[in-house]
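Text of query-v7.cif, listed as mmCIF, C-alpha atoms and all ligand atoms:
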```cif
data_query
#
loop_
_atom_site.label_atom_id
_atom_site.label_comp_id
_atom_site.auth_asym_id
_atom_site.auth_seq_id
_atom_site.Cartn_x
_atom_site.Cartn_y
_atom_site.Cartn_z
CA MET A 1 -20.20 79.37 210.17
CA THR A 2 -20.14 83.16 210.53
CA GLN A 3 -18.39 84.74 213.55
CA LEU A 4 -20.40 87.95 213.32
CA ALA A 5 -23.22 88.86 215.67
CA GLN A 6 -25.40 91.92 215.61
CA LEU A 7 -26.18 93.68 218.88
CA PRO A 8 -28.63 96.59 218.86
CA LEU A 9 -27.27 99.63 220.74
CA GLU A 10 -30.23 100.82 222.78
CA THR A 11 -28.80 104.25 223.47
CA TYR A 12 -32.26 105.73 223.94
CA LEU A 13 -32.35 103.90 227.28
CA LEU A 14 -29.25 105.81 228.42
CA ALA A 15 -30.77 109.10 227.31
CA GLU A 16 -33.92 108.29 229.26
CA GLN A 17 -31.89 107.68 232.42
CA ALA A 18 -30.04 110.98 231.99
CA VAL A 19 -33.23 113.07 232.29
CA PRO A 20 -33.50 114.01 235.96
CA ILE A 21 -36.73 114.24 237.92
CA SER A 22 -37.23 116.61 240.87
CA CYS A 23 -38.35 115.26 244.22
CA LEU A 24 -41.83 116.53 245.06
CA VAL A 25 -40.86 117.12 248.67
CA CYS A 26 -37.36 118.67 248.65
CA ASP A 27 -36.99 119.58 244.93
CA HIS A 28 -33.65 117.78 244.63
CA GLU A 29 -32.96 116.27 241.23
CA ASN A 30 -32.86 112.49 241.06
CA CYS A 31 -32.22 109.86 238.44
CA CYS A 32 -35.58 108.90 236.93
CA SER A 33 -35.16 105.25 237.96
CA ALA A 34 -34.57 106.12 241.64
CA SER A 35 -37.25 104.80 243.98
CA ARG A 36 -36.40 107.16 246.87
CA CYS A 37 -35.02 110.69 246.79
CA ARG A 38 -31.29 110.60 247.46
CA HIS A 39 -31.57 113.73 249.63
CA CYS A 40 -34.74 113.36 251.73
CA HIS A 41 -35.68 109.69 251.08
CA ALA A 42 -39.27 110.56 250.11
CA PRO A 43 -40.67 108.13 247.52
CA MET A 44 -39.98 109.28 243.96
CA SER A 45 -43.32 107.77 242.94
CA LEU A 46 -44.85 111.02 244.26
CA ALA A 47 -43.00 112.98 241.57
CA HIS A 48 -43.86 110.38 238.91
CA ASN A 49 -47.54 110.57 239.94
CA VAL A 50 -47.47 114.35 239.45
CA ARG A 51 -46.07 113.87 235.95
CA SER A 52 -48.78 111.44 234.99
CA VAL A 53 -51.68 113.22 236.74
CA LYS A 54 -50.39 116.68 235.68
CA LYS A 55 -51.59 118.17 238.94
CA LYS A 56 -49.35 119.23 241.82
CA PRO A 57 -50.65 117.93 245.15
CA HIS A 58 -50.62 119.92 248.37
CA LEU A 59 -48.63 118.66 251.31
CA VAL A 60 -50.35 118.26 254.67
CA ALA A 61 -48.10 118.24 257.76
CA VAL A 62 -49.29 115.99 260.58
CA ILE A 63 -47.27 116.89 263.66
CA GLY A 64 -47.20 115.78 267.28
CA ALA A 65 -44.98 113.97 269.74
CA SER A 66 -44.22 110.27 269.55
CA GLY A 67 -47.20 108.39 270.98
CA ALA A 68 -49.72 111.18 270.30
CA GLY A 69 -51.68 108.88 268.00
CA LYS A 70 -50.64 110.11 264.53
CA THR A 71 -50.23 106.69 262.90
CA VAL A 72 -53.46 105.23 264.30
CA TYR A 73 -55.40 108.39 263.38
CA LEU A 74 -54.08 108.64 259.81
CA GLY A 75 -54.35 104.91 259.14
CA LEU A 76 -57.96 104.78 260.26
CA LEU A 77 -58.83 108.05 258.50
CA MET A 78 -57.56 106.66 255.19
CA ASP A 79 -59.45 103.43 255.77
CA LEU A 80 -62.72 105.27 256.43
CA LEU A 81 -62.23 107.50 253.39
CA THR A 82 -61.52 104.63 251.01
CA ARG A 83 -64.64 102.90 252.30
CA HIS A 84 -66.62 106.06 251.53
CA VAL A 85 -67.90 106.66 255.04
CA GLY A 86 -69.48 110.12 255.18
CA LEU A 87 -69.31 112.79 252.52
CA LEU A 88 -65.59 112.54 251.87
CA ARG A 89 -63.90 109.87 249.83
CA SER A 90 -60.38 109.19 248.64
CA THR A 91 -58.78 107.47 245.69
CA ALA A 92 -55.22 106.29 246.23
CA ARG A 93 -52.51 107.35 243.80
CA GLY A 94 -50.28 104.29 243.62
CA PRO A 95 -50.01 101.17 245.80
CA MET A 96 -47.71 102.93 248.28
CA SER A 97 -50.65 105.09 249.40
CA ILE A 98 -52.52 102.03 250.71
CA SER A 99 -49.75 100.74 253.01
CA LEU A 100 -50.53 102.99 255.99
CA GLN A 101 -54.16 101.95 256.20
CA GLN A 102 -53.19 98.32 255.61
CA THR A 103 -50.67 98.31 258.48
CA THR A 104 -53.05 100.10 260.83
CA THR A 105 -56.20 98.11 260.13
CA THR A 106 -54.30 94.80 260.14
CA ALA A 107 -52.92 95.60 263.59
CA LEU A 108 -56.27 96.85 264.98
CA SER A 109 -58.21 93.89 263.63
CA THR A 110 -55.82 91.47 265.32
CA GLY A 111 -56.20 93.24 268.67
CA TRP A 112 -53.07 95.41 268.66
CA PHE A 113 -52.15 98.99 267.97
CA PRO A 114 -49.68 99.46 265.09
CA GLU A 115 -45.97 99.45 265.89
CA LYS A 116 -44.29 102.73 266.75
CA THR A 117 -43.11 104.63 263.65
CA VAL A 118 -39.36 104.21 263.21
CA THR A 119 -37.02 107.13 262.73
CA THR A 120 -35.70 105.80 259.38
CA PRO A 121 -37.25 108.03 256.66
CA GLU A 122 -37.17 105.19 254.09
CA GLN A 123 -39.80 103.38 256.16
CA TRP A 124 -42.28 106.21 256.61
CA HIS A 125 -45.62 105.88 254.87
CA TRP A 126 -46.54 108.54 252.33
CA VAL A 127 -50.16 108.75 251.30
CA HIS A 128 -50.99 110.43 247.99
CA CYS A 129 -54.69 110.52 247.28
CA GLN A 130 -57.31 112.37 245.38
CA PHE A 131 -59.99 113.54 247.80
CA ASN A 132 -63.54 114.20 246.76
CA CYS A 133 -66.43 115.66 248.64
CA ARG A 134 -69.94 115.03 247.37
CA ARG A 135 -70.74 118.71 247.89
CA ARG A 136 -67.68 119.97 245.97
CA ARG A 137 -67.13 119.80 242.26
CA ARG A 138 -63.32 119.90 242.15
CA PRO A 139 -61.30 117.14 243.86
CA LEU A 140 -58.17 117.93 245.88
CA GLU A 141 -54.84 116.16 245.47
CA LEU A 142 -53.09 115.78 248.81
CA VAL A 143 -49.90 114.12 250.04
CA ILE A 144 -49.88 113.20 253.73
CA PRO A 145 -46.81 111.55 255.23
CA ASP A 146 -46.82 109.71 258.55
CA VAL A 147 -43.49 110.77 260.02
CA SER A 148 -41.95 109.70 263.30
CA GLY A 149 -42.55 111.93 266.33
CA GLU A 150 -38.96 111.36 267.44
CA ALA A 151 -37.67 112.50 264.06
CA LEU A 152 -39.82 115.65 264.34
CA ALA A 153 -38.23 116.33 267.72
CA THR A 154 -34.71 115.74 266.37
CA GLU A 155 -35.32 118.13 263.45
CA THR A 156 -36.18 120.95 265.87
CA GLU A 157 -32.87 120.40 267.69
CA ARG A 158 -30.62 119.53 264.73
CA PRO A 159 -31.73 121.37 261.58
CA ASN A 160 -31.54 119.35 258.36
CA ARG A 161 -31.07 116.02 260.09
CA TYR A 162 -34.33 115.06 258.34
CA PRO A 163 -34.59 117.08 255.09
CA ALA A 164 -38.01 115.54 254.33
CA ILE A 165 -39.44 116.99 257.55
CA ARG A 166 -37.90 120.39 256.92
CA SER A 167 -39.31 120.59 253.39
CA LEU A 168 -42.66 119.27 254.57
CA LEU A 169 -42.95 121.94 257.27
CA ALA A 170 -41.87 124.65 254.83
CA LYS A 171 -44.24 123.63 252.04
CA ALA A 172 -47.26 122.34 253.96
CA ALA A 173 -50.51 123.85 252.77
CA ALA A 174 -52.32 122.74 255.94
CA VAL A 175 -51.25 121.63 259.42
CA LEU A 176 -52.78 118.95 261.62
CA VAL A 177 -51.51 119.07 265.22
CA LEU A 178 -52.17 115.94 267.25
CA ALA A 179 -52.01 116.14 271.04
CA ASP A 180 -52.62 113.36 273.56
CA ALA A 181 -55.67 114.47 275.58
CA GLU A 182 -55.14 111.78 278.20
CA LYS A 183 -51.71 113.20 279.03
CA LEU A 184 -53.01 116.76 278.99
CA GLN A 185 -55.84 115.94 281.38
CA ALA A 186 -53.36 114.28 283.73
CA GLY A 187 -51.38 117.54 283.76
CA ASP A 188 -48.47 116.07 281.77
CA HIS A 189 -47.33 118.87 279.47
CA SER A 190 -44.08 117.27 278.31
CA HIS A 191 -45.38 117.05 274.72
CA ASP A 192 -46.38 120.72 274.59
CA PHE A 193 -42.81 121.91 274.11
CA LEU A 194 -42.34 119.87 270.93
CA ILE A 195 -45.57 121.24 269.44
CA LEU A 196 -44.55 124.81 270.33
CA LYS A 197 -41.12 124.25 268.75
CA LEU A 198 -42.64 122.81 265.59
CA LEU A 199 -45.13 125.65 265.22
CA SER A 200 -42.32 128.12 265.66
CA LEU A 201 -40.22 126.26 263.05
CA ILE A 202 -43.14 126.32 260.59
CA GLY A 203 -43.35 130.10 261.04
CA GLU A 204 -39.60 130.51 260.60
CA LEU A 205 -39.51 128.41 257.43
CA ARG A 206 -42.44 130.35 255.99
CA GLU A 207 -40.49 133.57 256.32
CA GLU A 208 -37.33 132.00 254.89
CA HIS A 209 -39.11 130.56 251.89
CA SER A 210 -41.27 133.33 250.63
CA THR A 211 -40.72 137.00 250.17
CA VAL A 212 -44.44 137.41 249.39
CA TRP A 213 -45.29 136.14 252.84
CA ARG A 214 -42.76 138.45 254.44
CA LYS A 215 -44.27 141.48 252.70
CA ARG A 216 -47.87 140.69 253.52
CA ASN A 217 -47.25 138.54 256.56
CA VAL A 218 -50.66 136.88 256.37
CA GLU A 219 -50.93 133.26 257.36
CA ARG A 220 -53.74 131.72 255.36
CA ARG A 221 -52.95 128.08 255.96
CA PRO A 222 -55.52 126.25 258.11
CA LEU A 223 -54.49 124.49 261.31
CA ALA A 224 -56.55 121.84 263.08
CA LEU A 225 -55.67 120.93 266.66
CA VAL A 226 -56.82 117.35 267.23
CA LEU A 227 -57.06 116.09 270.80
CA THR A 228 -56.58 112.33 270.53
CA LYS A 229 -57.66 109.48 272.84
CA SER A 230 -60.91 111.22 273.78
CA ASP A 231 -62.23 107.84 274.97
CA LYS A 232 -60.08 108.43 278.05
CA CYS A 233 -61.44 111.89 278.83
CA ASP A 234 -65.06 112.37 279.86
CA GLY A 235 -66.82 115.29 278.17
CA LEU A 236 -64.02 115.98 275.68
CA GLN A 237 -65.99 114.89 272.60
CA GLU A 238 -68.80 117.28 273.50
CA ASN A 239 -66.62 120.33 274.12
CA PRO A 240 -63.07 120.14 272.73
CA ARG A 241 -62.61 123.93 272.74
CA GLU A 242 -63.24 124.18 276.46
CA PHE A 243 -60.85 121.27 277.05
CA ALA A 244 -58.14 122.96 274.94
CA GLU A 245 -58.59 126.22 276.82
CA SER A 246 -58.24 124.62 280.23
CA HIS A 247 -55.83 121.70 279.61
CA ALA A 248 -53.76 122.71 276.57
CA THR A 249 -53.58 126.45 277.13
CA ALA A 250 -50.03 127.05 275.84
CA VAL A 251 -50.50 125.03 272.64
CA TRP A 252 -53.97 126.37 271.92
CA VAL A 253 -52.93 130.01 272.45
CA ASP A 254 -49.93 129.53 270.16
CA CYS A 255 -52.02 127.83 267.46
CA ARG A 256 -54.52 130.68 267.52
CA ALA A 257 -51.86 133.37 267.48
CA ARG A 258 -49.92 131.89 264.56
CA PHE A 259 -52.78 130.52 262.47
CA PRO A 260 -55.84 132.80 262.20
CA ARG A 261 -57.69 129.91 260.52
CA HIS A 262 -57.80 127.35 263.30
CA GLU A 263 -60.16 124.87 264.82
CA VAL A 264 -60.00 122.30 267.61
CA PHE A 265 -61.37 118.76 267.44
CA ALA A 266 -61.45 115.63 269.57
CA CYS A 267 -61.13 112.09 268.30
CA SER A 268 -60.72 108.51 269.42
CA VAL A 269 -60.21 105.27 267.63
CA THR A 270 -61.16 102.88 270.38
CA GLY A 271 -64.14 102.45 272.66
CA ALA A 272 -62.04 100.82 275.36
CA THR A 273 -58.45 99.66 275.86
CA ALA A 274 -56.69 97.16 278.12
CA TYR A 275 -53.13 96.13 278.92
CA ARG A 276 -51.52 92.93 277.69
CA ASP A 277 -48.07 91.45 278.24
CA SER A 278 -46.12 90.73 275.08
CA TYR A 279 -42.54 89.42 275.29
CA GLY A 280 -42.15 90.88 278.77
CA ARG A 281 -43.48 94.29 277.68
CA ARG A 282 -46.77 95.73 278.97
CA GLN A 283 -48.65 97.07 275.99
CA GLN A 284 -51.93 98.90 275.59
CA VAL A 285 -54.31 97.07 273.26
CA PRO A 286 -57.65 98.10 271.77
CA LEU A 287 -60.71 96.20 273.01
CA ARG A 288 -63.28 97.74 270.71
CA ILE A 289 -62.74 99.83 267.59
CA GLU A 290 -65.21 102.69 267.73
CA PRO A 291 -63.95 105.57 265.59
CA HIS A 292 -65.15 108.92 266.84
CA GLY A 293 -64.40 112.34 265.32
CA ILE A 294 -61.87 110.94 262.82
CA ILE A 295 -63.21 112.48 259.62
CA GLU A 296 -64.31 115.88 261.00
CA PRO A 297 -60.85 117.53 261.40
CA PHE A 298 -59.79 116.39 257.95
CA GLY A 299 -63.08 117.51 256.41
CA TRP A 300 -62.64 120.94 257.96
CA LEU A 301 -59.05 121.21 256.66
CA MET A 302 -60.23 120.27 253.19
CA SER A 303 -62.95 122.87 253.09
CA GLU A 304 -60.47 125.52 254.29
CA LEU A 305 -57.94 124.42 251.67
CA ASP A 306 -60.60 124.50 249.02
CA GLU A 307 -61.41 128.09 249.93
CA ASN A 308 -57.70 129.00 249.77
CA TRP A 309 -57.33 127.51 246.35
CA ASN A 310 -60.44 129.05 244.95
CA LYS A 311 -59.33 132.58 245.81
CA PRO A 312 -57.47 134.08 242.84
CA GLY A 313 -53.75 134.50 243.45
CA VAL A 314 -53.62 132.60 246.72
CA ALA A 315 -53.19 129.19 245.16
CA ALA A 316 -50.35 130.37 242.96
CA ARG A 317 -48.60 131.95 245.93
CA LEU A 318 -48.90 128.88 248.15
CA CYS A 319 -47.80 126.52 245.38
CA ARG A 320 -44.71 128.60 244.66
CA ARG A 321 -43.40 128.12 248.19
N1 LIG B 401 -57.14 105.01 274.35
C1 LIG B 401 -56.65 105.28 273.13
N2 LIG B 401 -55.35 105.06 272.89
C2 LIG B 401 -54.88 105.35 271.67
C3 LIG B 401 -55.70 105.87 270.63
N3 LIG B 401 -54.93 106.07 269.52
C4 LIG B 401 -53.69 105.69 269.86
N4 LIG B 401 -53.63 105.25 271.15
C5 LIG B 401 -52.45 104.79 271.91
O1 LIG B 401 -51.36 105.60 271.55
C6 LIG B 401 -50.28 104.82 271.10
C7 LIG B 401 -49.47 105.55 270.09
O2 LIG B 401 -50.21 105.69 268.90
P1 LIG B 401 -49.46 106.00 267.52
O3 LIG B 401 -50.51 106.23 266.50
O4 LIG B 401 -48.44 104.95 267.21
O5 LIG B 401 -48.72 107.37 267.89
P2 LIG B 401 -47.66 108.21 267.02
O6 LIG B 401 -46.31 107.94 267.61
O7 LIG B 401 -48.07 109.63 267.20
O8 LIG B 401 -47.75 107.73 265.61
C8 LIG B 401 -50.92 103.52 270.60
O9 LIG B 401 -50.01 102.46 270.64
C9 LIG B 401 -52.05 103.35 271.58
O10 LIG B 401 -51.58 102.74 272.76
C10 LIG B 401 -57.10 106.09 270.93
O11 LIG B 401 -57.91 106.55 270.12
N5 LIG B 401 -57.50 105.78 272.19
MG MG B 402 -46.38 106.96 264.38
ZN ZN B 403 -36.39 114.77 248.28
#
```
Any chance you could put this one into structure tokens?
Amino acid sequence: MTQLAQLPLETYLLAEQAVPISCLVCDHENCCSASRCRHCHAPMSLAHNVRSVKKKPHLVAVIGASGAGKTVYLGLLMDLLTRHVGLLRSTARGPMSISLQQTTTTALSTGWFPEKTVTTPEQWHWVHCQFNCRRRRRPLELVIPDVSGEALATETERPNRYPAIRSLLAKAAAVLVLADAEKLQAGDHSHDFLILKLLSLIGELREEHSTVWRKRNVERRPLALVLTKSDKCDGLQENPREFAESHATAVWVDCRARFPRHEVFACSVTGATAYRDSYGRRQQVPLRIEPHGIIEPFGWLMSELDENWNKPGVAARLCRR
């Protein structure tokens, strides 16, 4: 009986592993088998998608304090877009892009709001989709993360605590600011400070990241201010601008001053809510799901983005940042 055995040396596998891949969010190089970026913890599938699709997506920053309604808004928006409600529609790039809408709609359909977003970046949902509008020929590739409001607040106080947030704010091609209209109407402006800090940070990072911007100093990125929970505020749906002027003066003035391309919207996910006790905790629950004004802010951002990218030179400049 022979003692010899032949083992193939599959060295090509080692060579494959040695080729790094850059994170789409923070540009750090990672091993190609990594599932999360070792620096910012964004999913590496975003970078792999770009390689296969051969098209760099634009990042959209959704900012607002914890409890403003970011998760519910984004989850329902993605659900409506995948179901092709209205003129806009989305096609998910990878299974990860479905998780946010799955979590949100599962919670809403069982009579609860989704759980609060945790501060651990590994657990944030990142949505990468191709968005089409029936009126537009070219689709847009967008990446929209649902980050924690508390993590956003921490990043303004302790720079680089969340590298994903920093890179997102620096690179974002469009900004969606979510503010709780119920709180604003009640005269509670505690969330305003965080929005003001984040807008200021976005401006600071823009100057740090691009010499072109510093020379021309023109802000072309669109900003949509979305007043959430409009079901709790009479008349808000009909006239969000008037509401912003009288109840969110500081935020609205700052948005307008920093972003010449701005618009204000109002939205709500529910028709009515109630309170329910769960494990000794009083929690607000949705009674009826009646989405209102969910698609409009996003549709506006898309048309503004489309205009940006169709102007010669602008796209290249924004992508370089
Ligand atoms: N009345 C009402 N309450 C809402 C609506 N959207 C969210 N909420 C409430 O706001 C809470 C926080 O929402 P969430 O999306 O988790 O906020 P986030 O921290 O900004 O992601 C939810 O648990 C609900 O109680 C809405 O459209 N109407
Ligand atoms: Mg959240
Ligand atoms: Zn990264």
Where does chain A meet ligand ZN 403 (chain B) within 7 Å, residue by residue, with the nearest atom pair and distance in Å to one decimal for each, counting all atoms listed in the file, listed by chain and rising number, as a tab-separated table?
```
residue	atom	partner	partner_atom	distance
A:Cys23	CA	B:ZN403	ZN	4.5
A:Leu24	CA	B:ZN403	ZN	6.6
A:Val25	CA	B:ZN403	ZN	5.1
A:Cys26	CA	B:ZN403	ZN	4.0
A:Asp27	CA	B:ZN403	ZN	5.9
A:His28	CA	B:ZN403	ZN	5.5
A:Cys37	CA	B:ZN403	ZN	4.6
A:Arg38	CA	B:ZN403	ZN	6.6
A:His39	CA	B:ZN403	ZN	5.1
A:Cys40	CA	B:ZN403	ZN	4.1
A:His41	CA	B:ZN403	ZN	5.8
A:Ala42	CA	B:ZN403	ZN	5.4
A:Ala164	CA	B:ZN403	ZN	6.3
```
Closest atom pairs, chain A residues within 6 Å of ligand MG 402 (chain B), all atoms listed in the file, as CSV:
```
residue,atom,partner,partner_atom,distance
A:Lys70,CA,B:MG402,MG,5.3
A:Thr71,CA,B:MG402,MG,4.1
A:Lys116,CA,B:MG402,MG,5.3
A:Thr117,CA,B:MG402,MG,4.1
A:Ser148,CA,B:MG402,MG,5.3
```
Counting all atoms listed in the file, the residue among A:Ser278, A:Asn160, A:Gln185, A:Ser303 that lies closest to A:Pro222 is A:Ser303
Would you give the centre and edge lengths, in Å to one decimal, of a box along x, y and z around the listed atoms of ligand LIG 401 (chain B), with 8 Å added to each side, as AutoDock Vina command-line options?
```
--center_x -52.1 --center_y 106.0 --center_z 270.0 --size_x 27.6 --size_y 23.2 --size_z 24.7
```
Give as a ChimeraX atom specification the residues surrounding ligand LIG 401 (chain B) up to a distance of 9 Å, considering all atoms listed in the file.
-> /A:63-75,104,112-117,146-150,178-180,182,228-232,267-274,283-286,289-292
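In this structure, atom CA of A:His189 sits 26.6 Å away from atom CA of A:Glu219.
The spacing separating atom CA of A:Gly293 from atom CA of A:Ala170 amounts to 27.7 Å.
Residues surrounding stretch 257-261 of chain A within 10 Å are Val175, Leu199, Ser200, Ile202, Gly203, Val218, Glu219, Arg220, Arg221, Pro222, Leu223, Ala224, Val251, Trp252, Val253, Leu301 and Glu304 of chain A [only C-alpha atoms; sequence separation below 4 positions excluded].
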Residue contacts of A:Pro145 (8 Å, only C-alpha atoms) excluding same-chain residues fewer than 5 positions away, as a PyMOL selection string = chain A and resi 60-62+124-127
Excluding same-chain residues fewer than 2 positions from A:Gly299, what lies within 10 Å of it counting only C-alpha atoms, as number ranges by chain?
-> A: 86-88, 131, 133, 294-297, 301-305
Which residues, written as JSON, numbers by chain, have at least one atom at most 7 Å from A:Leu142, with only C-alpha atoms counted and residues fewer than 3 positions away on the same chain left out?
-> {"A": [57, 58, 59, 60, 128, 129, 130]}
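One distance worth recording is that between atom CA of A:Thr249 and atom CA of A:Asp192, which is 9.5 Å.
Between A:Leu225 and the residues A:Glu238, A:Asp79, A:Glu263, A:Glu245, the shortest atom-to-atom distance, using only C-alpha atoms, involves A:Glu263.
Each of A:Leu80, A:Asp254, A:Ser90, A:Glu204 was checked against A:Thr105 using all atoms listed in the file; the smallest atom-to-atom distance is that of A:Leu80.
Nearest to A:Cys255 of all the residues A:Pro43, A:Lys197, A:Gly111, A:Met78 is A:Lys197, counting all atoms listed in the file.
Comparing the minimum interatomic distances between A:Leu76 and each of A:Leu100, A:Ala153, A:Ala92, A:Leu176, counting all atoms listed in the file, we find that A:Leu100 sits nearest.
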